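Q: Structure incoming, see below.
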Amino acid sequence: MTKLGFIGLGIMGGPMSAHLAAAGHAVRGYDVHADALAKLAAAGGTAATGIADAVADADVVITMLPNHPQVEEVVLGPEGVLASARPGTLLIDMSTIRPETSIEIARAAGDKGIRVLDAPVSGGQAGAEQASLSIMVGGEEEDVATARPLLEAVGSTIVHVGPHGAGQVVKAANQLVVGGIYGLVAEAIVLMEASGVDAKTGLDVLAGGLAANRILDLKRESMVAREFRPGFRIDLHHKDMGIALAAARQADVSLPLTGLVAQLVAAGRSMGYGALDHSALLKVTEQLSGRSEAQE
């Protein structure tokens with residue numbers, strides 16, 4: 001049994017912390033929302049009164065937060081993780097944030113004798129609920145080995161991808177690919193429907209050929225049905241595309257398709273679709289083609 005402090009019990013962190021409690025670990029979690037704390041307690045964990053209470057006696061601290069400002073506040077703040085955790089504690093940040101923030105946190109933590117991994121995830125709400133997340137981990141090999149049994153409680157694919165910040169770079173690459181595929185599937189649906197072809201039948205064929213991909217497997221039926229209940233919101237994908245573009249600038253590389261996809265995601269947010277699933281890029285493509293009214 002590991003003593004775990006878990007900060008951030010939202011759509012992703014809630015089920016992840018519950019899986020860790022079910023695996024027999026002592027999970028003491030904190031979130032600013034009382035209902036999230038109640039769910040953790042119902043799942044066998046313990047609700048903490050604050051960050052310091054969650055992490056003071058922990059062997060491992062996991063953070064799962066929306067963006068880098070929240071991670072910086074929780075980890076680097078005057079009453080944050082680094083100020084409250086014991087030397088030797090392992091901090092695993094599973095948020096999706098800028099690589100440079102992960103590197104900065106690792107440096108600050110090292111000064112206090114706290115080990116750090118950046119371990120962002122892919123798989124969305126369904127992956128968190130099913131403990132089938134793909135986890136890309138940056139940091140030291142021995143720390144990855146320590147973390148692996150915990151990560152296996154929430155994910156099915158755990159890969160050490162490089163030093164501090166590397167996990168965030170791989171996650172940025174994941175998000176630009178996912179966004180691009182959603183955009184292309186959306187265009188395929190619009191093309192087929194505008195040509196009088198049944199899109200569901202057409203996508204079934206695509207899913208069995210060279211164009212097969214995980215998004216077609218999971219989302220083709222809901223996209224054709226215009227069901228956009230969020231598993232991963234456009235608002236969050238907009239944030240992630242910004243991370244990808246910033247990482248490209250930092251690496252001094254040109255990613256023209258990523259830039260276009262980022263603009264499509266931004267358009268979806270501007271059109272009022274930010275709270276919908278990122279498969280709602282289909283609505284953006286329909287509007288660009290003047291076909292949105294035909295689908296309403």
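Residue numbers start at 1 in each chain; chains themselves are named A, B, ... in the order of the structure tokens; ligands are numbered from 1 in the order shown.
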Could you list, as a PyMOL selection string, every residue within 12 Å of range 202-213 of chain A, counting only C-alpha atoms and ignoring same-chain residues fewer than 5 positions away?
A: chain A and resi 177-178+180-182+184-193+195-197+218-224
Q: Selected residues, N, CA and C atoms, written as a PDB file, in the first residue's frame, please.
A:
ATOM      1  N   VAL A 177      -2.271  15.237 -33.635  1.00  0.00           N
ATOM      2  CA  VAL A 177      -2.725  14.139 -34.491  1.00  0.00           C
ATOM      3  C   VAL A 177      -4.222  13.894 -34.303  1.00  0.00           C
ATOM      4  N   VAL A 178      -4.663  13.849 -33.054  1.00  0.00           N
ATOM      5  CA  VAL A 178      -6.084  13.625 -32.777  1.00  0.00           C
ATOM      6  C   VAL A 178      -6.935  14.728 -33.402  1.00  0.00           C
ATOM      7  N   GLY A 180      -6.203  16.630 -35.935  1.00  0.00           N
ATOM      8  CA  GLY A 180      -6.169  16.491 -37.389  1.00  0.00           C
ATOM      9  C   GLY A 180      -7.087  15.400 -37.897  1.00  0.00           C
ATOM     10  N   ILE A 181      -7.119  14.274 -37.186  1.00  0.00           N
ATOM     11  CA  ILE A 181      -7.990  13.170 -37.615  1.00  0.00           C
ATOM     12  C   ILE A 181      -9.455  13.555 -37.476  1.00  0.00           C
ATOM     13  N   TYR A 182      -9.798  14.206 -36.367  1.00  0.00           N
ATOM     14  CA  TYR A 182     -11.179  14.651 -36.217  1.00  0.00           C
ATOM     15  C   TYR A 182     -11.576  15.591 -37.353  1.00  0.00           C
ATOM     16  N   LEU A 184     -10.377  15.695 -40.398  1.00  0.00           N
ATOM     17  CA  LEU A 184     -10.518  14.958 -41.653  1.00  0.00           C
ATOM     18  C   LEU A 184     -11.753  14.069 -41.666  1.00  0.00           C
ATOM     19  N   VAL A 185     -12.069  13.434 -40.547  1.00  0.00           N
ATOM     20  CA  VAL A 185     -13.297  12.642 -40.477  1.00  0.00           C
ATOM     21  C   VAL A 185     -14.508  13.547 -40.691  1.00  0.00           C
ATOM     22  N   ALA A 186     -14.468  14.738 -40.100  1.00  0.00           N
ATOM     23  CA  ALA A 186     -15.553  15.692 -40.298  1.00  0.00           C
ATOM     24  C   ALA A 186     -15.714  16.034 -41.774  1.00  0.00           C
ATOM     25  N   GLU A 187     -14.606  16.285 -42.454  1.00  0.00           N
ATOM     26  CA  GLU A 187     -14.670  16.617 -43.877  1.00  0.00           C
ATOM     27  C   GLU A 187     -15.181  15.444 -44.697  1.00  0.00           C
ATOM     28  N   ALA A 188     -14.790  14.225 -44.316  1.00  0.00           N
ATOM     29  CA  ALA A 188     -15.280  13.041 -45.030  1.00  0.00           C
ATOM     30  C   ALA A 188     -16.790  12.916 -44.899  1.00  0.00           C
ATOM     31  N   ILE A 189     -17.323  13.178 -43.703  1.00  0.00           N
ATOM     32  CA  ILE A 189     -18.770  13.105 -43.492  1.00  0.00           C
ATOM     33  C   ILE A 189     -19.489  14.152 -44.339  1.00  0.00           C
ATOM     34  N   VAL A 190     -18.986  15.383 -44.317  1.00  0.00           N
ATOM     35  CA  VAL A 190     -19.619  16.456 -45.088  1.00  0.00           C
ATOM     36  C   VAL A 190     -19.586  16.138 -46.581  1.00  0.00           C
ATOM     37  N   LEU A 191     -18.449  15.654 -47.058  1.00  0.00           N
ATOM     38  CA  LEU A 191     -18.333  15.310 -48.481  1.00  0.00           C
ATOM     39  C   LEU A 191     -19.324  14.223 -48.869  1.00  0.00           C
ATOM     40  N   MET A 192     -19.389  13.161 -48.099  1.00  0.00           N
ATOM     41  CA  MET A 192     -20.275  12.050 -48.460  1.00  0.00           C
ATOM     42  C   MET A 192     -21.735  12.481 -48.421  1.00  0.00           C
ATOM     43  N   GLU A 193     -22.127  13.194 -47.367  1.00  0.00           N
ATOM     44  CA  GLU A 193     -23.526  13.590 -47.271  1.00  0.00           C
ATOM     45  C   GLU A 193     -23.918  14.577 -48.370  1.00  0.00           C
ATOM     46  N   SER A 195     -22.782  14.608 -51.248  1.00  0.00           N
ATOM     47  CA  SER A 195     -22.792  13.859 -52.512  1.00  0.00           C
ATOM     48  C   SER A 195     -23.891  12.812 -52.556  1.00  0.00           C
ATOM     49  N   GLY A 196     -24.739  12.779 -51.545  1.00  0.00           N
ATOM     50  CA  GLY A 196     -25.840  11.830 -51.534  1.00  0.00           C
ATOM     51  C   GLY A 196     -25.469  10.440 -51.081  1.00  0.00           C
ATOM     52  N   VAL A 197     -24.309  10.294 -50.430  1.00  0.00           N
ATOM     53  CA  VAL A 197     -23.848   8.991 -49.948  1.00  0.00           C
ATOM     54  C   VAL A 197     -24.130   8.877 -48.462  1.00  0.00           C
ATOM     55  N   LEU A 218     -14.239   4.625 -32.433  1.00  0.00           N
ATOM     56  CA  LEU A 218     -14.997   5.066 -31.264  1.00  0.00           C
ATOM     57  C   LEU A 218     -16.073   6.091 -31.556  1.00  0.00           C
ATOM     58  N   LYS A 219     -15.877   6.920 -32.581  1.00  0.00           N
ATOM     59  CA  LYS A 219     -16.721   8.114 -32.718  1.00  0.00           C
ATOM     60  C   LYS A 219     -17.492   8.228 -34.025  1.00  0.00           C
ATOM     61  N   ARG A 220     -17.326   7.320 -34.970  1.00  0.00           N
ATOM     62  CA  ARG A 220     -17.977   7.553 -36.262  1.00  0.00           C
ATOM     63  C   ARG A 220     -19.503   7.543 -36.137  1.00  0.00           C
ATOM     64  N   GLU A 221     -20.046   6.667 -35.332  1.00  0.00           N
ATOM     65  CA  GLU A 221     -21.501   6.617 -35.221  1.00  0.00           C
ATOM     66  C   GLU A 221     -22.047   7.847 -34.514  1.00  0.00           C
ATOM     67  N   SER A 222     -21.392   8.283 -33.442  1.00  0.00           N
ATOM     68  CA  SER A 222     -21.880   9.463 -32.725  1.00  0.00           C
ATOM     69  C   SER A 222     -21.715  10.726 -33.557  1.00  0.00           C
ATOM     70  N   MET A 223     -20.664  10.798 -34.383  1.00  0.00           N
ATOM     71  CA  MET A 223     -20.500  11.975 -35.232  1.00  0.00           C
ATOM     72  C   MET A 223     -21.586  12.038 -36.287  1.00  0.00           C
ATOM     73  N   VAL A 224     -21.876  10.929 -36.930  1.00  0.00           N
ATOM     74  CA  VAL A 224     -22.932  10.910 -37.944  1.00  0.00           C
ATOM     75  C   VAL A 224     -24.274  11.265 -37.309  1.00  0.00           C
TER      76      VAL A 224
END
Q: Tell me, as number ranges by chain, which residues lie within 9 Å of Tyr273 in chain A, counting only C-alpha atoms; anything in the same chain fewer than 5 positions away does not count.
A: A: 233-235, 267-268, 278, 280-281, 283-284
Q: Would you output that residue set with C-alpha atoms, as a short mmCIF file (atom, residue, chain, number, x, y, z; two decimals), in the first residue's frame?
A:
data_model
loop_
_atom_site.label_atom_id
_atom_site.label_comp_id
_atom_site.auth_asym_id
_atom_site.auth_seq_id
_atom_site.Cartn_x
_atom_site.Cartn_y
_atom_site.Cartn_z
CA ARG A 233 -14.20 19.31 -24.67
CA ILE A 234 -13.21 21.61 -27.51
CA ASP A 235 -12.18 24.15 -24.85
CA ALA A 267 -13.24 28.52 -34.63
CA GLY A 268 -15.32 25.88 -32.87
CA HIS A 278 -13.94 17.74 -29.88
CA ALA A 280 -17.92 18.71 -32.86
CA LEU A 281 -15.31 19.93 -35.34
CA LYS A 283 -20.17 21.43 -36.86
CA VAL A 284 -17.36 23.80 -37.80
#
Q: Need the shell around Lys239 in chain A: protein/DNA/RNA residues with any atom at most 12 Å away, counting only C-alpha atoms. Skip same-chain ones fewer than 2 positions apart. Format as a PyMOL selection string?
A: chain A and resi 66-68+96-98+172+175-176+179+232-237+241-246+262-263+265-266+269+274+278
Q: Just the number, please: distance in Å from CA of Leu260 in chain A to CA of Asn174 in chain A, one decimal.
A: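 Computing it gives 15.8 Å between the two atoms.
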Q: Record the distance separating CA of Met12 in chain A and CA of Thr285 in chain A, expressed in Å with one decimal.
A: 28.4 Å
